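Visitor: upload19.tsv is the file, holding TSV, C-alpha atoms:
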```
chain	number	residue	atom	x	y	z
A	159	MET	CA	-60.19	121.00	-103.78
A	160	GLY	CA	-62.56	119.35	-101.30
A	161	VAL	CA	-59.98	118.37	-98.68
A	162	ASP	CA	-61.54	118.41	-95.21
A	163	GLY	CA	-58.29	118.61	-93.32
A	164	PHE	CA	-54.82	117.25	-92.69
A	165	ARG	CA	-53.36	114.66	-90.34
A	166	LEU	CA	-49.85	115.80	-89.52
A	167	ASP	CA	-47.68	112.74	-88.99
A	168	ALA	CA	-45.04	112.61	-86.23
A	169	ILE	CA	-45.17	116.35	-85.76
A	170	GLY	CA	-42.90	116.35	-82.73
A	171	THR	CA	-39.95	115.19	-84.86
A	172	ILE	CA	-39.96	117.97	-87.47
A	173	PHE	CA	-36.96	119.78	-85.95
A	174	GLU	CA	-33.69	118.52	-84.45
A	175	ASP	CA	-31.11	120.33	-82.34
A	176	PRO	CA	-28.90	121.95	-85.04
A	177	ALA	CA	-25.75	121.12	-83.02
A	178	MET	CA	-26.68	117.41	-83.28
A	179	PRO	CA	-25.24	116.43	-79.86
A	180	ASP	CA	-24.88	112.78	-78.85
A	181	HIS	CA	-27.67	111.19	-76.84
A	182	THR	CA	-27.11	110.46	-73.15
A	183	SER	CA	-29.06	107.21	-72.74
A	184	GLU	CA	-27.39	104.30	-70.95
A	185	MET	CA	-29.18	101.90	-73.34
A	186	SER	CA	-28.44	101.29	-76.99
A	187	GLN	CA	-31.16	101.97	-79.52
A	188	PHE	CA	-31.59	98.23	-80.04
A	189	GLU	CA	-31.92	97.57	-76.30
A	190	LEU	CA	-34.45	100.37	-75.91
A	191	TYR	CA	-36.49	99.29	-78.92
A	192	LYS	CA	-36.55	95.68	-77.74
A	193	ALA	CA	-37.51	96.69	-74.21
A	194	PHE	CA	-40.46	98.81	-75.40
A	195	ARG	CA	-41.74	96.10	-77.71
A	196	THR	CA	-41.57	93.40	-75.06
A	197	ALA	CA	-42.90	95.49	-72.14
A	198	LYS	CA	-45.82	93.65	-70.51
A	199	ASN	CA	-47.73	96.59	-69.04
A	200	ALA	CA	-47.93	100.35	-68.63
A	201	GLU	CA	-45.71	100.26	-65.53
A	202	GLU	CA	-42.86	98.63	-67.45
A	203	ARG	CA	-43.25	101.19	-70.22
A	204	ALA	CA	-43.17	104.03	-67.69
A	205	LYS	CA	-39.84	102.80	-66.32
A	206	LEU	CA	-38.37	103.00	-69.82
A	207	MET	CA	-39.43	106.60	-70.46
A	208	PRO	CA	-36.33	108.22	-68.87
A	209	HIS	CA	-34.17	106.16	-71.22
A	210	TRP	CA	-36.36	107.16	-74.20
A	211	GLU	CA	-36.11	110.83	-73.24
A	212	ALA	CA	-32.33	110.59	-72.91
A	213	MET	CA	-32.10	108.84	-76.30
A	214	TYR	CA	-34.24	111.28	-78.29
A	215	HIS	CA	-34.05	114.47	-76.25
A	216	TYR	CA	-32.36	116.39	-79.07
A	217	GLN	CA	-34.68	115.09	-81.81
A	218	VAL	CA	-38.20	115.76	-80.56
A	219	GLU	CA	-40.25	118.75	-79.37
A	220	GLN	CA	-37.55	121.24	-80.30
A	221	PRO	CA	-38.01	125.05	-80.28
A	222	GLY	CA	-40.07	126.35	-83.17
A	223	MET	CA	-42.75	123.66	-83.14
A	224	HIS	CA	-45.54	125.80	-81.78
A	225	ALA	CA	-44.70	128.76	-84.00
A	226	LEU	CA	-44.97	126.42	-86.98
A	227	MET	CA	-48.33	125.04	-85.80
A	228	GLN	CA	-49.66	128.58	-85.38
A	229	GLU	CA	-48.52	129.44	-88.89
A	230	LEU	CA	-50.33	126.39	-90.30
A	231	ARG	CA	-53.47	127.22	-88.32
A	232	THR	CA	-53.46	130.74	-89.75
A	233	VAL	CA	-53.52	129.26	-93.25
A	234	ILE	CA	-56.23	126.70	-92.41
A	235	ASP	CA	-58.40	129.41	-90.86
A	236	GLU	CA	-58.56	131.14	-94.24
A	237	TYR	CA	-60.91	128.34	-95.33
A	238	ASP	CA	-64.32	127.31	-94.01
A	239	ASP	CA	-64.67	124.21	-91.85
A	240	ARG	CA	-61.17	122.76	-92.26
A	241	LEU	CA	-59.26	120.65	-89.76
A	242	LEU	CA	-55.73	120.09	-88.48
A	243	ILE	CA	-54.99	117.00	-86.39
A	244	GLY	CA	-51.53	116.05	-85.21
A	245	GLU	CA	-50.14	112.60	-84.55
A	246	SER	CA	-49.22	113.49	-81.02
A	247	GLY	CA	-50.61	112.97	-77.57
A	248	GLU	CA	-49.22	116.29	-76.33
A	249	ILE	CA	-51.98	118.65	-75.25
A	250	GLU	CA	-49.63	121.60	-75.83
A	251	TYR	CA	-50.38	121.30	-79.54
A	252	TYR	CA	-53.85	122.70	-78.92
A	253	GLY	CA	-52.14	126.00	-78.10
A	254	ASP	CA	-54.59	128.29	-76.36
A	255	GLY	CA	-57.46	126.23	-77.72
A	256	SER	CA	-57.87	128.25	-80.90
A	257	ASN	CA	-54.46	129.02	-82.40
A	258	GLU	CA	-52.74	125.67	-83.09
A	259	LEU	CA	-54.16	122.21	-83.88
A	260	HIS	CA	-57.87	121.51	-83.76
A	261	LEU	CA	-57.23	117.99	-82.44
A	262	ALA	CA	-54.44	115.98	-80.85
A	263	PHE	CA	-54.87	112.27	-80.20
A	264	ASN	CA	-55.58	110.97	-76.71
A	265	PHE	CA	-52.86	108.34	-77.10
A	266	PRO	CA	-52.51	107.73	-73.34
A	267	LEU	CA	-55.94	106.06	-73.37
A	268	MET	CA	-54.75	103.22	-75.60
A	269	HIS	CA	-51.44	102.65	-73.81
A	270	THR	CA	-52.85	100.34	-71.17
A	271	GLY	CA	-50.27	97.63	-71.64
A	272	GLY	CA	-53.15	95.13	-71.57
A	273	ARG	CA	-56.93	95.03	-71.26
A	274	PHE	CA	-59.02	98.04	-70.47
A	275	THR	CA	-60.31	98.57	-66.98
A	276	PRO	CA	-63.00	101.08	-65.96
A	277	ALA	CA	-60.52	102.63	-63.51
A	278	TRP	CA	-58.00	103.21	-66.30
A	279	ILE	CA	-60.59	104.90	-68.50
A	280	ARG	CA	-61.94	107.11	-65.70
A	281	SER	CA	-58.44	108.19	-64.73
A	282	ASN	CA	-57.57	108.98	-68.34
A	283	GLN	CA	-60.71	111.02	-68.86
A	284	GLN	CA	-60.28	112.97	-65.66
A	285	GLU	CA	-56.69	113.85	-66.49
A	286	ARG	CA	-57.19	114.50	-70.19
A	287	LEU	CA	-60.38	116.55	-70.12
A	288	SER	CA	-59.24	118.71	-67.22
A	289	ALA	CA	-55.97	119.52	-69.00
A	290	LEU	CA	-57.52	120.76	-72.27
A	291	PRO	CA	-57.44	124.53	-72.78
A	292	PRO	CA	-60.78	126.37	-72.96
A	293	GLY	CA	-62.60	125.68	-76.22
A	294	ALA	CA	-60.41	122.69	-77.16
A	295	TRP	CA	-62.11	119.48	-78.28
A	296	PRO	CA	-60.97	115.96	-77.30
A	297	CYS	CA	-59.97	113.24	-79.76
A	298	ASN	CA	-59.92	109.53	-78.97
A	299	THR	CA	-58.56	106.45	-80.71
A	300	LEU	CA	-57.55	102.93	-79.74
A	301	ASN	CA	-55.09	102.09	-82.50
A	302	ASN	CA	-53.65	103.03	-85.87
A	303	HIS	CA	-51.09	101.88	-88.43
A	304	ASP	CA	-48.39	101.82	-85.73
A	305	SER	CA	-50.07	99.65	-83.10
A	306	SER	CA	-51.71	96.27	-82.67
A	307	ARG	CA	-55.25	95.56	-83.76
A	308	VAL	CA	-58.00	95.90	-81.16
A	309	TYR	CA	-58.54	92.12	-81.12
A	310	ASN	CA	-54.90	91.58	-80.15
A	311	GLN	CA	-54.30	94.60	-77.98
A	312	PHE	CA	-57.42	94.54	-75.83
A	313	GLY	CA	-58.73	90.99	-76.17
A	314	ASP	CA	-58.33	88.24	-73.59
A	315	GLY	CA	-58.24	85.27	-75.96
A	316	HIS	CA	-61.72	84.15	-74.95
A	317	ASN	CA	-64.07	87.14	-75.26
A	318	ASP	CA	-62.35	89.00	-78.08
A	319	ALA	CA	-65.52	89.59	-80.11
A	320	ALA	CA	-67.39	91.03	-77.13
A	321	LEU	CA	-64.42	93.19	-76.12
A	322	ALA	CA	-64.09	94.47	-79.69
A	323	ARG	CA	-67.69	95.68	-79.49
A	324	LEU	CA	-67.02	97.35	-76.16
A	325	SER	CA	-63.96	99.05	-77.64
A	326	LEU	CA	-66.08	100.55	-80.40
A	327	ALA	CA	-68.77	101.60	-77.91
A	328	LEU	CA	-66.12	103.34	-75.82
A	329	MET	CA	-64.91	105.34	-78.80
A	330	LEU	CA	-68.43	106.36	-79.83
A	331	THR	CA	-69.63	107.37	-76.37
A	332	LEU	CA	-66.67	109.19	-74.78
A	333	ARG	CA	-66.56	112.96	-75.19
A	334	GLY	CA	-64.56	113.77	-78.30
A	335	THR	CA	-64.07	112.92	-81.95
A	336	PRO	CA	-63.51	109.18	-82.46
A	337	PHE	CA	-60.95	107.83	-84.94
A	338	LEU	CA	-61.43	104.25	-86.13
A	339	TYR	CA	-58.71	102.31	-87.95
A	340	ASN	CA	-59.65	100.45	-91.12
A	341	GLY	CA	-60.23	96.73	-90.73
A	342	GLU	CA	-61.39	96.99	-87.11
A	343	GLU	CA	-65.00	96.93	-88.32
A	344	ILE	CA	-64.60	93.31	-89.44
A	345	GLY	CA	-62.33	92.19	-86.60
A	346	MET	CA	-59.03	92.00	-88.45
A	347	THR	CA	-56.14	90.71	-86.35
A	348	ASP	CA	-52.38	91.12	-86.31
A	349	LEU	CA	-50.44	88.90	-88.72
A	350	MET	CA	-47.15	87.69	-87.30
A	351	LEU	CA	-44.81	87.38	-90.28
A	352	THR	CA	-42.70	84.24	-90.48
A	353	ASP	CA	-39.90	85.17	-92.91
A	354	ILE	CA	-37.77	88.32	-92.88
A	355	SER	CA	-38.25	88.59	-96.66
A	356	GLN	CA	-41.93	89.41	-95.98
A	357	PHE	CA	-41.11	92.51	-93.92
A	358	TYR	CA	-41.24	96.08	-95.20
A	359	ASP	CA	-41.23	98.00	-91.91
A	360	THR	CA	-37.75	99.51	-91.80
A	361	PRO	CA	-37.25	99.56	-87.99
A	362	ALA	CA	-38.21	95.88	-87.74
A	363	ILE	CA	-35.79	94.92	-90.51
A	364	TRP	CA	-33.07	96.98	-88.83
A	365	MET	CA	-33.82	95.27	-85.52
A	366	TYR	CA	-33.55	91.82	-87.11
A	367	ASN	CA	-30.24	92.59	-88.87
A	368	MET	CA	-28.79	94.21	-85.75
A	369	ALA	CA	-29.72	91.21	-83.62
A	370	VAL	CA	-28.34	88.61	-86.03
A	371	ASN	CA	-25.31	90.33	-87.53
A	372	GLU	CA	-23.98	92.39	-84.64
A	373	LEU	CA	-25.27	90.72	-81.48
A	374	GLY	CA	-25.24	87.09	-82.59
A	375	VAL	CA	-28.86	86.45	-81.66
A	376	PRO	CA	-30.18	83.18	-83.20
A	377	GLU	CA	-32.22	83.88	-86.34
A	378	ALA	CA	-35.41	82.34	-84.95
A	379	GLU	CA	-35.27	84.57	-81.87
A	380	ALA	CA	-34.41	87.62	-83.94
A	381	LEU	CA	-37.33	86.89	-86.27
A	382	SER	CA	-39.69	86.61	-83.31
A	383	LEU	CA	-38.50	89.96	-81.98
A	384	ALA	CA	-38.88	91.58	-85.39
A	385	ALA	CA	-42.39	90.17	-85.86
A	386	LEU	CA	-43.42	91.50	-82.45
A	387	ALA	CA	-41.90	94.92	-83.13
A	388	SER	CA	-42.99	95.27	-86.75
A	389	ARG	CA	-45.84	97.55	-87.70
A	390	ASP	CA	-46.39	95.33	-90.74
A	391	ARG	CA	-48.49	93.07	-88.52
A	392	CYS	CA	-51.36	95.58	-88.45
A	393	ARG	CA	-50.97	96.86	-92.03
A	394	THR	CA	-52.06	93.83	-94.04
A	395	PRO	CA	-54.60	94.40	-96.84
A	396	VAL	CA	-58.27	94.89	-96.00
A	397	GLN	CA	-60.17	91.63	-96.37
A	398	TRP	CA	-63.14	92.13	-98.67
A	399	ALA	CA	-64.28	88.57	-99.37
A	400	ASN	CA	-63.54	84.88	-98.95
A	401	ALA	CA	-61.71	84.88	-102.28
A	402	PRO	CA	-58.12	84.78	-103.53
A	403	ASN	CA	-56.11	87.52	-101.83
A	404	GLY	CA	-59.14	88.20	-99.68
A	405	GLY	CA	-60.74	90.02	-102.59
A	406	PHE	CA	-58.17	92.81	-102.23
A	407	SER	CA	-56.30	91.90	-105.43
A	408	PRO	CA	-56.87	89.34	-108.20
A	409	GLY	CA	-55.63	85.83	-107.59
A	410	GLY	CA	-51.99	85.31	-108.56
A	411	VAL	CA	-51.02	88.86	-107.64
A	412	ASP	CA	-48.49	89.34	-104.83
A	413	THR	CA	-49.87	91.90	-102.39
A	414	TRP	CA	-47.43	94.31	-100.75
A	415	LEU	CA	-47.85	92.42	-97.46
A	416	PRO	CA	-49.24	88.89	-97.16
A	417	MET	CA	-52.98	88.47	-96.61
A	418	ASN	CA	-54.03	87.39	-93.16
A	419	PRO	CA	-55.46	83.88	-93.78
A	420	ASP	CA	-58.40	84.49	-91.45
A	421	TYR	CA	-60.19	86.18	-94.37
A	422	ALA	CA	-61.36	82.62	-95.11
A	423	GLU	CA	-62.81	82.30	-91.59
A	424	GLY	CA	-65.45	85.00	-91.83
A	425	VAL	CA	-63.17	87.98	-91.24
A	426	ASN	CA	-64.18	89.71	-94.45
A	427	VAL	CA	-66.65	92.38	-95.53
A	428	SER	CA	-68.78	90.34	-97.92
A	429	GLU	CA	-69.78	87.61	-95.49
A	430	GLN	CA	-70.33	90.00	-92.60
A	431	LEU	CA	-72.63	92.26	-94.61
A	432	ASP	CA	-75.09	89.37	-94.86
A	433	ASP	CA	-74.84	88.48	-91.16
A	434	LEU	CA	-77.04	90.72	-89.01
A	435	ASP	CA	-75.08	89.72	-85.89
A	436	SER	CA	-71.65	90.42	-87.38
A	437	LEU	CA	-69.15	92.92	-86.03
A	438	LEU	CA	-69.48	94.95	-89.23
A	439	ASN	CA	-73.22	95.36	-88.75
A	440	PHE	CA	-72.66	96.21	-85.08
A	441	TYR	CA	-70.37	99.03	-86.25
A	442	LYS	CA	-73.00	100.24	-88.70
A	443	LYS	CA	-75.74	100.21	-86.04
A	444	MET	CA	-73.67	102.03	-83.44
A	445	ILE	CA	-72.41	104.69	-85.83
A	446	HIS	CA	-75.95	105.28	-87.08
A	447	MET	CA	-77.16	105.53	-83.48
A	448	ARG	CA	-74.46	108.04	-82.54
A	449	LYS	CA	-75.27	110.27	-85.50
A	450	GLY	CA	-78.83	110.57	-84.21
A	451	THR	CA	-77.94	111.11	-80.54
A	452	PRO	CA	-76.89	114.75	-79.88
A	453	ALA	CA	-75.63	114.06	-76.36
A	454	LEU	CA	-73.06	111.56	-77.68
A	455	ILE	CA	-71.85	113.99	-80.30
A	456	ALA	CA	-71.33	117.15	-78.27
A	457	GLY	CA	-72.44	116.48	-74.69
A	458	ASP	CA	-70.46	117.00	-71.50
A	459	TYR	CA	-69.02	113.96	-69.71
A	460	LYS	CA	-69.73	113.12	-66.05
A	461	PRO	CA	-68.47	109.87	-64.48
A	462	LEU	CA	-70.76	107.81	-62.24
A	463	HIS	CA	-70.10	104.95	-59.80
A	464	GLU	CA	-66.40	105.74	-59.76
A	465	ASP	CA	-65.56	102.85	-57.45
A	466	SER	CA	-66.76	100.20	-59.88
A	467	GLU	CA	-64.05	97.81	-61.03
A	468	GLU	CA	-66.30	95.93	-63.47
A	469	TYR	CA	-68.31	98.49	-65.42
A	470	LEU	CA	-67.94	102.05	-66.63
A	471	ALA	CA	-70.90	104.40	-66.15
A	472	PHE	CA	-71.20	108.03	-67.12
A	473	THR	CA	-73.60	110.60	-68.51
A	474	ARG	CA	-73.29	112.71	-71.63
A	475	THR	CA	-75.36	115.88	-71.50
A	476	SER	CA	-76.03	118.37	-74.29
A	477	LYS	CA	-78.64	121.11	-74.56
A	478	GLU	CA	-80.93	118.66	-76.37
A	479	GLN	CA	-80.69	115.61	-74.10
A	480	CYS	CA	-78.94	113.64	-71.35
A	481	CYS	CA	-77.84	110.06	-71.92
A	482	LEU	CA	-76.68	107.43	-69.46
A	483	VAL	CA	-73.94	105.11	-70.78
A	484	ILE	CA	-72.98	101.84	-69.12
A	485	LEU	CA	-70.25	99.57	-70.49
A	486	ASN	CA	-69.74	96.26	-68.69
A	487	PHE	CA	-66.17	95.05	-69.11
A	488	SER	CA	-66.90	91.91	-67.09
A	489	ASP	CA	-68.06	88.45	-68.16
A	490	GLN	CA	-70.50	88.58	-65.23
A	491	SER	CA	-73.80	90.44	-64.97
A	492	GLN	CA	-73.79	93.40	-62.59
A	493	PRO	CA	-76.74	94.63	-60.47
A	494	ILE	CA	-76.71	98.43	-60.49
A	495	SER	CA	-78.88	101.12	-58.93
A	496	PHE	CA	-78.77	104.77	-60.00
A	497	ASP	CA	-79.99	107.76	-58.04
A	498	LEU	CA	-80.25	110.32	-60.82
A	499	GLY	CA	-83.44	112.06	-59.83
A	500	ILE	CA	-85.28	110.01	-62.40
A	501	SER	CA	-86.12	106.32	-62.11
A	502	VAL	CA	-86.80	105.40	-65.74
A	503	GLY	CA	-84.58	105.57	-68.80
A	504	ASN	CA	-85.68	105.39	-72.42
A	505	LEU	CA	-83.59	102.89	-74.33
A	506	VAL	CA	-81.36	104.37	-77.04
A	507	PHE	CA	-79.14	101.34	-77.68
A	508	SER	CA	-78.27	98.01	-76.13
A	509	SER	CA	-76.25	95.05	-77.30
A	510	GLN	CA	-78.88	92.94	-75.52
A	511	THR	CA	-82.63	92.60	-76.11
A	512	ARG	CA	-84.36	95.08	-73.80
A	513	ASP	CA	-87.66	96.87	-73.30
A	514	ASN	CA	-87.94	100.45	-74.49
A	515	THR	CA	-88.11	101.72	-70.91
A	516	VAL	CA	-85.75	100.60	-68.13
A	517	ASP	CA	-86.06	100.91	-64.34
A	518	LEU	CA	-82.75	102.46	-63.32
A	519	THR	CA	-83.30	101.88	-59.60
A	520	GLN	CA	-83.25	98.10	-60.07
A	521	PHE	CA	-81.08	97.49	-63.10
A	522	GLU	CA	-78.87	94.57	-64.09
A	523	ILE	CA	-76.39	94.90	-66.91
A	524	ALA	CA	-75.51	91.74	-68.81
A	525	PRO	CA	-71.95	90.46	-69.36
A	526	PHE	CA	-70.08	92.74	-71.79
A	527	GLU	CA	-73.27	94.72	-72.45
A	528	VAL	CA	-73.28	98.12	-74.14
A	529	PHE	CA	-76.21	100.11	-72.73
A	530	ILE	CA	-77.32	103.66	-73.55
A	531	ALA	CA	-80.53	105.27	-72.28
A	532	GLU	CA	-81.96	108.77	-72.55
A	533	LEU	CA	-82.90	110.40	-69.26
A	534	GLY	CA	-85.86	112.71	-69.05
A	535	ASN	CA	-88.62	113.13	-71.61
```
Show me, as structure tokens, the structure contained in the file I just sent.

Guide:
Amino acid sequence: MGVDGFRLDAIGTIFEDPAMPDHTSEMSQFELYKAFRTAKNAEERAKLMPHWEAMYHYQVEQPGMHALMQELRTVIDEYDDRLLIGESGEIEYYGDGSNELHLAFNFPLMHTGGRFTPAWIRSNQQERLSALPPGAWPCNTLNNHDSSRVYNQFGDGHNDAALARLSLALMLTLRGTPFLYNGEEIGMTDLMLTDISQFYDTPAIWMYNMAVNELGVPEAEALSLAALASRDRCRTPVQWANAPNGGFSPGGVDTWLPMNPDYAEGVNVSEQLDDLDSLLNFYKKMIHMRKGTPALIAGDYKPLHEDSEEYLAFTRTSKEQCCLVILNFSDQSQPISFDLGISVGNLVFSSQTRDNTVDLTQFEIAPFEVFIAELGN
């Protein structure tokens, strides 16, 4: 019927322990949920994991999961060029690399608890790529319908537009299949709801009612917690134009979730299509570039300058070509020198204006620059 594949949602929760034993966590579900949603960084989240495991030990990753995945893969393999991807960060779902899922999300990459750093990305890539079974293919994403928008999750409040571009560049240059969430291409942001009647996300509504009715938390505080925890904040309608309801629905129609009012501030498709410097057109240029650059599609990944705290540098090498990628996560320019056995790179893409050839022995990358050059002929 033309279906290319299936995304299997929350696959680790398909089975539960049939005896349904009580959990052993010392925290209540409300306390655990609140703690996760208010954690400030990855370290705080890591400290909560033992409590999470004790809470849900009998409800996730139960026996039978991998047998089921192998059964599904057998069916999928009866058809040409079809795909199974699971909403899980567990590498075990690749099986032996050929008998379970084709792809599992590299969720650890996005769980920084704050802004990206080159060290975080290098560490993630080293750990993730080395753990994949032979023949398995990586899969990267920075967010989805369950997590904050890129602008909110990885921005710093001052350079959000530049960091959004870097986030896209990271997805399109790392080894693996990139997944991009709708609305990121125009810079949509989280919408913090201001009335509990606006919410549809069941866990957030439960959290609000639990806080107010059972724990006596003031309504304003409970609403703030619910807004922070709710996945509704990143599920508002796509903003097509500076028009009633952002062009998503006719004026006078109540959308399922409220429109983010920043559709009237240029965060919409129509206005960005006409702006050559818009985020939307940056997405279009980078995706077009990647499609024509074999090394970025299938090439091997090799990190460079692994002590750098400001920029990320690596090569992607396929049988057709070798590309050097540099992503500057700093608001300062960085002088860089590469000893790659070749002194000149041929420009493939830059977010700055550059000559077609670049001297790699005396190179300076601009603040927040995305730079890609082909090495060799």

Visitor: Give the padded box for segment 464-478 of chain A as JSON: axis-aligned, covering all atoms listed in the file, 3 Å on each side, centre and edge lengths in Å to one decimal.

Guide:
```
{"center_x": -72.5, "center_y": 108.5, "center_z": -66.9, "size_x": 22.9, "size_y": 31.2, "size_z": 24.9}
```

Visitor: Report the distance between atom CA of Tyr252 of chain A and atom CA of Ala225 of chain A in Å, rounded to one decimal place.

Guide: 12.1 Å

Visitor: Using atom CA of Ile243 of chain A and atom CA of Leu230 of chain A as the two end points, give the distance in Å to one decimal.

Guide: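 Taking atom CA of Ile243 of chain A as the start and atom CA of Leu230 of chain A as the end point, the length is 11.2 Å.
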
Visitor: Per residue of segment 211-297 of chain A within 6 Å of segment 167-182 of chain A, which atom pair is closest and at what distance in Å (one decimal), using only C-alpha atoms, listed by chain and increasing number, as CSV?

Guide:
```
residue,atom,partner,partner_atom,distance
A:Ala212,CA,A:Thr182,CA,5.2
A:Met213,CA,A:His181,CA,5.0
A:Tyr216,CA,A:Asp175,CA,5.3
A:Gln217,CA,A:Glu174,CA,4.4
A:Val218,CA,A:Thr171,CA,4.7
A:Glu219,CA,A:Gly170,CA,4.9
A:Gln220,CA,A:Phe173,CA,5.9
A:Glu245,CA,A:Asp167,CA,5.1
```

Visitor: Next, dump the selected residues to file, keeping only C-alpha atoms, as a short mmCIF file (atom, residue, chain, number, x, y, z; two decimals), keeping the file's coordinate frame.

Guide:
```
data_model
loop_
_atom_site.label_atom_id
_atom_site.label_comp_id
_atom_site.auth_asym_id
_atom_site.auth_seq_id
_atom_site.Cartn_x
_atom_site.Cartn_y
_atom_site.Cartn_z
CA ALA A 212 -32.33 110.59 -72.91
CA MET A 213 -32.10 108.84 -76.30
CA TYR A 216 -32.36 116.39 -79.07
CA GLN A 217 -34.68 115.09 -81.81
CA VAL A 218 -38.20 115.76 -80.56
CA GLU A 219 -40.25 118.75 -79.37
CA GLN A 220 -37.55 121.24 -80.30
CA GLU A 245 -50.14 112.60 -84.55
#
```

Visitor: Would you give me, as a Markdown table, each residue of segment 438-465 of chain A having an atom within 10 Å of an atom of segment 310-331 of chain A, along with its shortest atom pair and that distance in Å to one decimal, using only C-alpha atoms and sorting by chain and residue number?

Guide:
```
| residue | atom | partner | partner_atom | distance |
| --- | --- | --- | --- | --- |
| A:Leu438 | CA | A:Arg323 | CA | 9.9 |
| A:Phe440 | CA | A:Arg323 | CA | 7.5 |
| A:Tyr441 | CA | A:Leu326 | CA | 7.4 |
| A:Met444 | CA | A:Ala327 | CA | 7.4 |
| A:Ile445 | CA | A:Leu330 | CA | 7.4 |
| A:Met447 | CA | A:Leu330 | CA | 9.5 |
| A:Arg448 | CA | A:Leu330 | CA | 6.8 |
| A:Lys449 | CA | A:Leu330 | CA | 9.7 |
| A:Ala453 | CA | A:Thr331 | CA | 9.0 |
| A:Leu454 | CA | A:Thr331 | CA | 5.6 |
| A:Ile455 | CA | A:Thr331 | CA | 8.0 |
| A:Gly457 | CA | A:Thr331 | CA | 9.7 |
| A:Tyr459 | CA | A:Thr331 | CA | 9.4 |
```

Visitor: Mind checking which residues fall within 8 Å of segment 480-490 of chain A, counting all atoms listed in the file, ignoring those fewer than 6 positions away in the same chain, and posting them as an MDAnalysis selection string?

Guide: chainID A and resid 274:276 321 324 327:328 331 453:454 457 468:474 523:534

Visitor: Go ahead and save the picked residues with C-alpha atoms, as a compact mmCIF listing (two decimals), keeping the file's coordinate frame.

Guide:
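File again_0.txt, as written:
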```
# COMPACT_ATOMS: atom_id res chain seq x y z
CA PHE A 274 -59.02 98.04 -70.47
CA THR A 275 -60.31 98.57 -66.98
CA PRO A 276 -63.00 101.08 -65.96
CA LEU A 321 -64.42 93.19 -76.12
CA LEU A 324 -67.02 97.35 -76.16
CA ALA A 327 -68.77 101.60 -77.91
CA LEU A 328 -66.12 103.34 -75.82
CA THR A 331 -69.63 107.37 -76.37
CA ALA A 453 -75.63 114.06 -76.36
CA LEU A 454 -73.06 111.56 -77.68
CA GLY A 457 -72.44 116.48 -74.69
CA GLU A 468 -66.30 95.93 -63.47
CA TYR A 469 -68.31 98.49 -65.42
CA LEU A 470 -67.94 102.05 -66.63
CA ALA A 471 -70.90 104.40 -66.15
CA PHE A 472 -71.20 108.03 -67.12
CA THR A 473 -73.60 110.60 -68.51
CA ARG A 474 -73.29 112.71 -71.63
CA ILE A 523 -76.39 94.90 -66.91
CA ALA A 524 -75.51 91.74 -68.81
CA PRO A 525 -71.95 90.46 -69.36
CA PHE A 526 -70.08 92.74 -71.79
CA GLU A 527 -73.27 94.72 -72.45
CA VAL A 528 -73.28 98.12 -74.14
CA PHE A 529 -76.21 100.11 -72.73
CA ILE A 530 -77.32 103.66 -73.55
CA ALA A 531 -80.53 105.27 -72.28
CA GLU A 532 -81.96 108.77 -72.55
CA LEU A 533 -82.90 110.40 -69.26
CA GLY A 534 -85.86 112.71 -69.05
```

Visitor: So that I can see what lies close to Leu166 of chain A, please list as a count of residues only the residues with an atom at most 12 Å from it, counting all atoms listed in the file and leaving out residues fewer than 5 positions away in the same chain.

Guide: 17

Visitor: One decimal, in Å: what's the spacing between atom CA of Arg389 of chain A and atom CA of His303 of chain A?

Guide: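 Going from atom CA of Arg389 of chain A over to atom CA of His303 of chain A covers 6.8 Å.
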
Visitor: Identify, on the basis of only C-alpha atoms, every residue whose closest approach to Trp278 of chain A does not exceed 9 Å; exclude the query and any residue fewer than 5 positions from it along the same chain; express the result as an MDAnalysis selection string.

Guide: chainID A and resid 267 270 283

Visitor: Give me the residues near segment 365-377 of chain A as a PyMOL selection string, where near means some atom within 10 Å (using all atoms listed in the file) and where sequence neighbours in that chain fewer than 5 positions away do not count.

Guide: chain A and resi 187-189+191-192+354+360+382-385+387-388

Visitor: For Cys392 of chain A, work out the shell of residues within 8 Å, counting all atoms listed in the file and skipping chain neighbours fewer than 6 positions away, then give it as a PyMOL selection string.

Guide: chain A and resi 303-307+347-349

Visitor: Which one of A:Asn403, A:Ser495, A:Ser509, A:Ser466 sits closest to Ile279 of chain A if you count only C-alpha atoms?

Guide: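 Of the candidates, the smallest distance to Ile279 of chain A is held by A:Ser466.
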